[in-house]
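Take a look at the structure set out below.
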Amino acid sequence: MNATVDPVDLVRELVRRPTVSGDPRPQRDVMGVFTEVLTAAAPHLQRTDGDDPVQPWTLLTTPSDPARPRLLLVCHVDTVPATEPGRWQRDPFGADLEAGRVWGRGGSDMKAGLVAAAAALVAADPQIPVALLLTSDEEIGSKGAAAAAAAVAGLTVGAVVVPEATGNEVMLGHRGALWLAVRAHGVAAHGSTPERGRNAVLGLVSVLGRAGAGLPLGSDPFLGGETWNPGLIAGGTVPNVVPDRAEVVVDQRTVGDGTALLDWWRAQPEVAEVEVLVDLPAVQTPAGDPWVATLPAGVRAEPATYFTDASVLRPVVGDAPIVVWGPGTPAVMHAVDEYVEVAELHAATAALGDVLARWPR
C-alpha cells in the first residue's frame, strides 16, 4: 500500500523555496527534496536524473512493462522572479495559508500542478504505466525539457498532461514562441554633435515603429492570431554619447513556423543582426480525440495563452494527445500576490487520480 502525500503541506513547502529561472542550484535542490518525498511514499518509483549541470531534470517512472504506453505528466519547478516585493500583501515565499488559498510565488505557476500530479501518482496502482517529468527553466524557453527530450524519447508515451494553471479546465493547445534579439549598429559621436554619428537607438525605434503594421502576423482558427511584444530594450552608455549599439528583445507568439517573422526583422535596413533566443512550436490536440473525451473535466473552446514544455516534447511523443490541465488561476500567474485555491488543488489531485485509475486508454 502506498503512503499518502498531503498536497497542501507539499505546495507550501515548495513555495517557501525560491526557484527562479536561470539559477540551476535551487531548482535541482527542489527536485531532489520533492523526489525524496515521493519515493518515500511510493518506493516503487524509478528515478532518472539528468547530468546537465545547467539544466537539471528528473524523470520518475512506474516499474511497468516499457512497451505499454505511459501517461506522461510534465511539470516545471522554476518560477519567474517575485518582483516589487513591497507591493505584495504577503511574503512572496511565506506560503501563507489563508482564506482557502496558499499565497506565494509559484503557487499557481506551477507548483500546485506539480503537487497534484505527484499526489495522484503516489496514490495510484504501481503497475499503471505512468511517468512524471520534472523540468527546469521552462519560463525562459523550456530549456530543461529540451535537455530531457532524449530521455522522454525512450518512453512509449500514450498521452501527455501538462498541469499548468487552467482553473482545472482542459485546454487543447497553445501558440508557440519566437523570441528574437534584434540589434542595430550605429556610429558613436559626442552628444553635442550628433550629426557626426549615427544613433543606433533611433534606428531601432524606427524599426519598432514600422513593426506593428509591417510584421506578417499569421492566425489559426483555433490558436488565434500571432502577437509581438518588445519586452526589453537597451542602448547607449551615457547621455552625452551617440549610442553605437541598441538591442530589443521581441516576444512573438506564433501559430506557424515563424520564418516569415524572422525574415521581416532581418530585412529591415536599420537591423544589423537578429539572434534567435527561443523558438518553440505551437501545440494543438484535436477536440475529437477519444482520450480527451474521457477526461473528467470540461474542455475549453480556446487555447492556453502561454506556452508550455509541450512545445519541446511534441516531436518526441509522436501523435500522443497533449492537454494543458491543472489547478491555479491564469490571471495571477507571474502577478503580485500569486496564490492557488486549496479547493482547486484537491480537485485536481482527485481528477488526475481518476485519469490514472482508468489508464491506459
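Chain labels A, B, ... are given in the sequence in which chains occur in the C-alpha cells; within each chain residues are numbered consecutively from 1, and ligands are likewise numbered from 1 in the order shown.
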Gly158 (chain A) environment, 7 Å, only C-alpha atoms, sequence neighbours closer than 5 positions dropped, as a PyMOL selection string: chain A and resi 69-71+320
Could you save those same residues with C-alpha atoms as a PDB file, in the first residue's frame?
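After the write, selection26.pdb holds the following:
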```pdb
ATOM      1  CA  PRO A  69       2.016   3.296 -23.422  1.00  0.00           C
ATOM      2  CA  ARG A  70       2.597   5.631 -20.493  1.00  0.00           C
ATOM      3  CA  LEU A  71       0.676   8.649 -19.363  1.00  0.00           C
ATOM      4  CA  ALA A 320       0.094  11.302 -28.461  1.00  0.00           C
TER       5      ALA A 320
END
```
All residues 9 Å or closer to region 19-23 of chain A, only C-alpha atoms, same chain fewer than 5 positions away omitted, as an MDAnalysis selection string: chainID A and resid 14 28 30 54:55 77:82 106 136:140
Could you give me, as an mmCIF file with C-alpha atoms, in the first residue's frame, each residue of region 79-327 of chain A that DSSP assigns to alpha helix (DSSP H) when run on this structure's backbone?
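Saved result, states26.cif, follows:
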```cif
data_model
loop_
_atom_site.group_PDB
_atom_site.id
_atom_site.type_symbol
_atom_site.label_atom_id
_atom_site.label_comp_id
_atom_site.auth_asym_id
_atom_site.auth_seq_id
_atom_site.Cartn_x
_atom_site.Cartn_y
_atom_site.Cartn_z
ATOM 1 C CA ALA A 112 0.234 23.313 -7.350
ATOM 2 C CA GLY A 113 0.040 21.377 -10.613
ATOM 3 C CA LEU A 114 3.267 19.606 -9.780
ATOM 4 C CA VAL A 115 1.935 18.549 -6.379
ATOM 5 C CA ALA A 116 -1.442 17.441 -7.764
ATOM 6 C CA ALA A 117 0.315 15.231 -10.313
ATOM 7 C CA ALA A 118 2.639 13.819 -7.675
ATOM 8 C CA ALA A 119 -0.104 13.114 -5.140
ATOM 9 C CA ALA A 120 -2.149 11.294 -7.782
ATOM 10 C CA LEU A 121 0.892 9.293 -8.854
ATOM 11 C CA VAL A 122 1.770 8.255 -5.314
ATOM 12 C CA ALA A 123 -1.785 7.029 -4.690
ATOM 13 C CA LYS A 143 15.373 24.611 -21.559
ATOM 14 C CA GLY A 144 15.091 21.786 -19.030
ATOM 15 C CA ALA A 145 12.544 19.983 -21.200
ATOM 16 C CA ALA A 146 14.944 20.237 -24.131
ATOM 17 C CA ALA A 147 17.671 18.641 -22.014
ATOM 18 C CA ALA A 148 15.280 15.829 -21.029
ATOM 19 C CA ALA A 149 13.848 15.233 -24.501
ATOM 20 C CA ALA A 150 16.141 12.318 -25.305
ATOM 21 C CA ALA A 151 15.060 10.501 -22.140
ATOM 22 C CA VAL A 152 11.402 11.064 -22.975
ATOM 23 C CA ALA A 153 12.024 9.785 -26.492
ATOM 24 C CA ALA A 200 21.545 53.085 -33.135
ATOM 25 C CA VAL A 201 18.674 53.717 -30.710
ATOM 26 C CA LEU A 202 16.867 55.921 -33.205
ATOM 27 C CA GLY A 203 17.402 53.287 -35.875
ATOM 28 C CA LEU A 204 15.846 50.643 -33.682
ATOM 29 C CA VAL A 205 12.958 52.942 -32.772
ATOM 30 C CA SER A 206 12.243 53.407 -36.472
ATOM 31 C CA VAL A 207 12.059 49.652 -36.958
ATOM 32 C CA LEU A 208 9.738 49.232 -33.978
ATOM 33 C CA GLY A 209 7.530 51.999 -35.313
ATOM 34 C CA ARG A 210 7.021 50.027 -38.539
ATOM 35 C CA ALA A 211 6.647 46.623 -36.918
ATOM 36 C CA GLY A 212 3.040 46.995 -35.807
ATOM 37 C CA ALA A 213 1.807 47.431 -39.368
ATOM 38 C CA GLY A 214 4.596 45.595 -41.160
ATOM 39 C CA THR A 259 10.010 32.015 -40.765
ATOM 40 C CA ALA A 260 8.130 34.990 -42.196
ATOM 41 C CA LEU A 261 8.505 36.925 -38.942
ATOM 42 C CA LEU A 262 12.221 36.217 -38.728
ATOM 43 C CA ASP A 263 12.701 37.239 -42.373
ATOM 44 C CA TRP A 264 10.869 40.530 -41.801
ATOM 45 C CA TRP A 265 13.173 41.624 -38.974
ATOM 46 C CA ARG A 266 16.276 40.635 -40.929
ATOM 47 C CA ALA A 267 15.114 42.607 -43.954
ATOM 48 C CA PRO A 290 -11.118 9.785 -27.969
ATOM 49 C CA TRP A 291 -8.934 10.029 -24.853
ATOM 50 C CA VAL A 292 -9.750 13.702 -24.352
ATOM 51 C CA ALA A 293 -13.445 12.777 -24.370
ATOM 52 C CA ALA A 310 4.754 20.548 -24.537
ATOM 53 C CA SER A 311 6.279 22.567 -27.387
ATOM 54 C CA VAL A 312 9.630 20.885 -26.846
ATOM 55 C CA LEU A 313 8.241 17.425 -26.178
#
```
Name the residues in contact with region 295-306 of chain A at a cut-off of 10 Å, using only C-alpha atoms, excluding same-chain residues fewer than 3 positions from it; report them as number ranges by chain. A: 139, 164-166, 168-177, 221-224, 253, 283-284, 287, 290-292, 323-325, 330, 348, 350-352, 354-355, 358
Could you dump the residues just selected with C-alpha atoms as a short mmCIF file (atom, residue, chain, number, x, y, z; two decimals), in the first residue's frame?
```cif
data_model
loop_
_atom_site.label_atom_id
_atom_site.label_comp_id
_atom_site.auth_asym_id
_atom_site.auth_seq_id
_atom_site.Cartn_x
_atom_site.Cartn_y
_atom_site.Cartn_z
CA GLU A 139 9.82 30.13 -18.05
CA GLU A 164 -0.30 24.23 -15.66
CA ALA A 165 -2.86 26.65 -14.25
CA THR A 166 -6.12 26.36 -16.19
CA ASN A 168 -8.95 22.73 -13.78
CA GLU A 169 -10.39 23.08 -17.29
CA VAL A 170 -8.84 21.13 -20.15
CA MET A 171 -7.07 23.15 -22.82
CA LEU A 172 -6.08 21.55 -26.10
CA GLY A 173 -3.01 23.57 -27.00
CA HIS A 174 -1.29 26.90 -27.20
CA ARG A 175 0.67 29.11 -29.55
CA GLY A 176 4.41 28.78 -29.96
CA ALA A 177 7.02 31.38 -29.06
CA PRO A 221 -8.85 29.13 -36.44
CA PHE A 222 -8.20 27.55 -33.03
CA LEU A 223 -4.94 29.07 -31.81
CA GLY A 224 -5.90 32.62 -32.77
CA ARG A 253 3.61 34.19 -30.04
CA VAL A 283 0.80 22.68 -29.86
CA GLN A 284 -2.70 21.54 -30.78
CA ALA A 287 -11.07 18.28 -29.97
CA PRO A 290 -11.12 9.78 -27.97
CA TRP A 291 -8.93 10.03 -24.85
CA VAL A 292 -9.75 13.70 -24.35
CA VAL A 323 -3.60 18.60 -22.84
CA VAL A 324 -2.86 21.53 -20.56
CA TRP A 325 -4.94 20.93 -17.44
CA PRO A 330 -4.17 32.00 -15.04
CA ALA A 348 -7.01 18.45 -9.47
CA ALA A 350 -8.75 13.74 -7.43
CA ALA A 351 -9.27 14.27 -11.17
CA LEU A 352 -5.74 13.17 -12.07
CA ASP A 354 -9.28 9.24 -11.69
CA VAL A 355 -7.44 9.51 -15.00
CA ARG A 358 -8.54 4.36 -15.86
#
```
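A straight line drawn from CA of Pro26 (chain A) to CA of Val248 (chain A) is 29.5 Å long.
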Given only C-alpha atoms as the counted atoms, nearest of A:Asp289, A:Glu226, A:Glu273, A:Asp52 to Val255 (chain A): A:Glu226
One decimal place gives the CA of Asn199 (chain A)-CA of Val241 (chain A) separation as 9.4 Å
Excluding region 40-44 of chain A and residues on its chain fewer than 3 positions from it, collect all residues at most 12 Å away from it, counting only C-alpha atoms, and give them as an MDAnalysis selection string. chainID A and resid 1:6 33:37 47 60:64 118:128 130
Give me every strand (DSSP E) residue in region 29-142 of chain A, going by DSSP on the backbone, as JSON, numbers by chain. {"A": [46, 47, 48, 49, 57, 58, 59, 60, 61, 70, 71, 72, 73, 74, 75, 76, 97, 98, 101, 102, 103, 130, 131, 132, 133, 134, 135]}
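Restricting the calculation to only C-alpha atoms, the smallest distance between Val238 (chain A) and any of A:Pro129, A:Gly191, A:Gly258, A:Gly225 is found for A:Gly191.
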Non-local contacts of Ala246 (chain A) (8 Å; only C-alpha atoms; under 6 positions in same chain excluded) as a ChimeraX atom specification: /A:183-185,200-201,204,233-236
Requested write-out: C-alpha atoms of the selected residues, as an mmCIF file, in the first residue's frame:
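Result went into out-v4.cif, see below:
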```cif
data_model
loop_
_atom_site.group_PDB
_atom_site.id
_atom_site.type_symbol
_atom_site.label_atom_id
_atom_site.label_comp_id
_atom_site.auth_asym_id
_atom_site.auth_seq_id
_atom_site.Cartn_x
_atom_site.Cartn_y
_atom_site.Cartn_z
ATOM 1 C CA ARG A 183 20.239 44.611 -32.882
ATOM 2 C CA ALA A 184 21.069 47.881 -34.606
ATOM 3 C CA HIS A 185 24.579 49.302 -35.046
ATOM 4 C CA ALA A 200 21.545 53.085 -33.135
ATOM 5 C CA VAL A 201 18.674 53.717 -30.710
ATOM 6 C CA LEU A 204 15.846 50.643 -33.682
ATOM 7 C CA ILE A 233 15.187 47.398 -24.985
ATOM 8 C CA ALA A 234 18.695 48.687 -24.305
ATOM 9 C CA GLY A 235 21.124 51.068 -25.923
ATOM 10 C CA GLY A 236 23.750 53.640 -25.166
#
```
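With distances restricted to only C-alpha atoms, A:Asp251 is the closest residue to Gly231 (chain A) from A:Glu195, A:Asp251, A:Glu13, A:Asp109.
Counting only C-alpha atoms, Leu134 (chain A) has the following residues at most 7 Å away, ignoring those fewer than 5 positions along the same chain: Trp57, Thr58, Leu59, Val74, Cys75, His76 and Val77 of chain A.
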Residues within 12 Å of Trp103 (chain A), only C-alpha atoms, excluding chain neighbours under 5 positions, as a VMD selection string: chain A and resid 8 11 to 16 88 to 98 108 to 109 111 to 112 328 332 to 333 335 to 342
Tell me which of A:Ala159, A:Arg25, A:Asp51, A:Leu132 sits closest to Val317 (chain A), counting only C-alpha atoms. A:Ala159
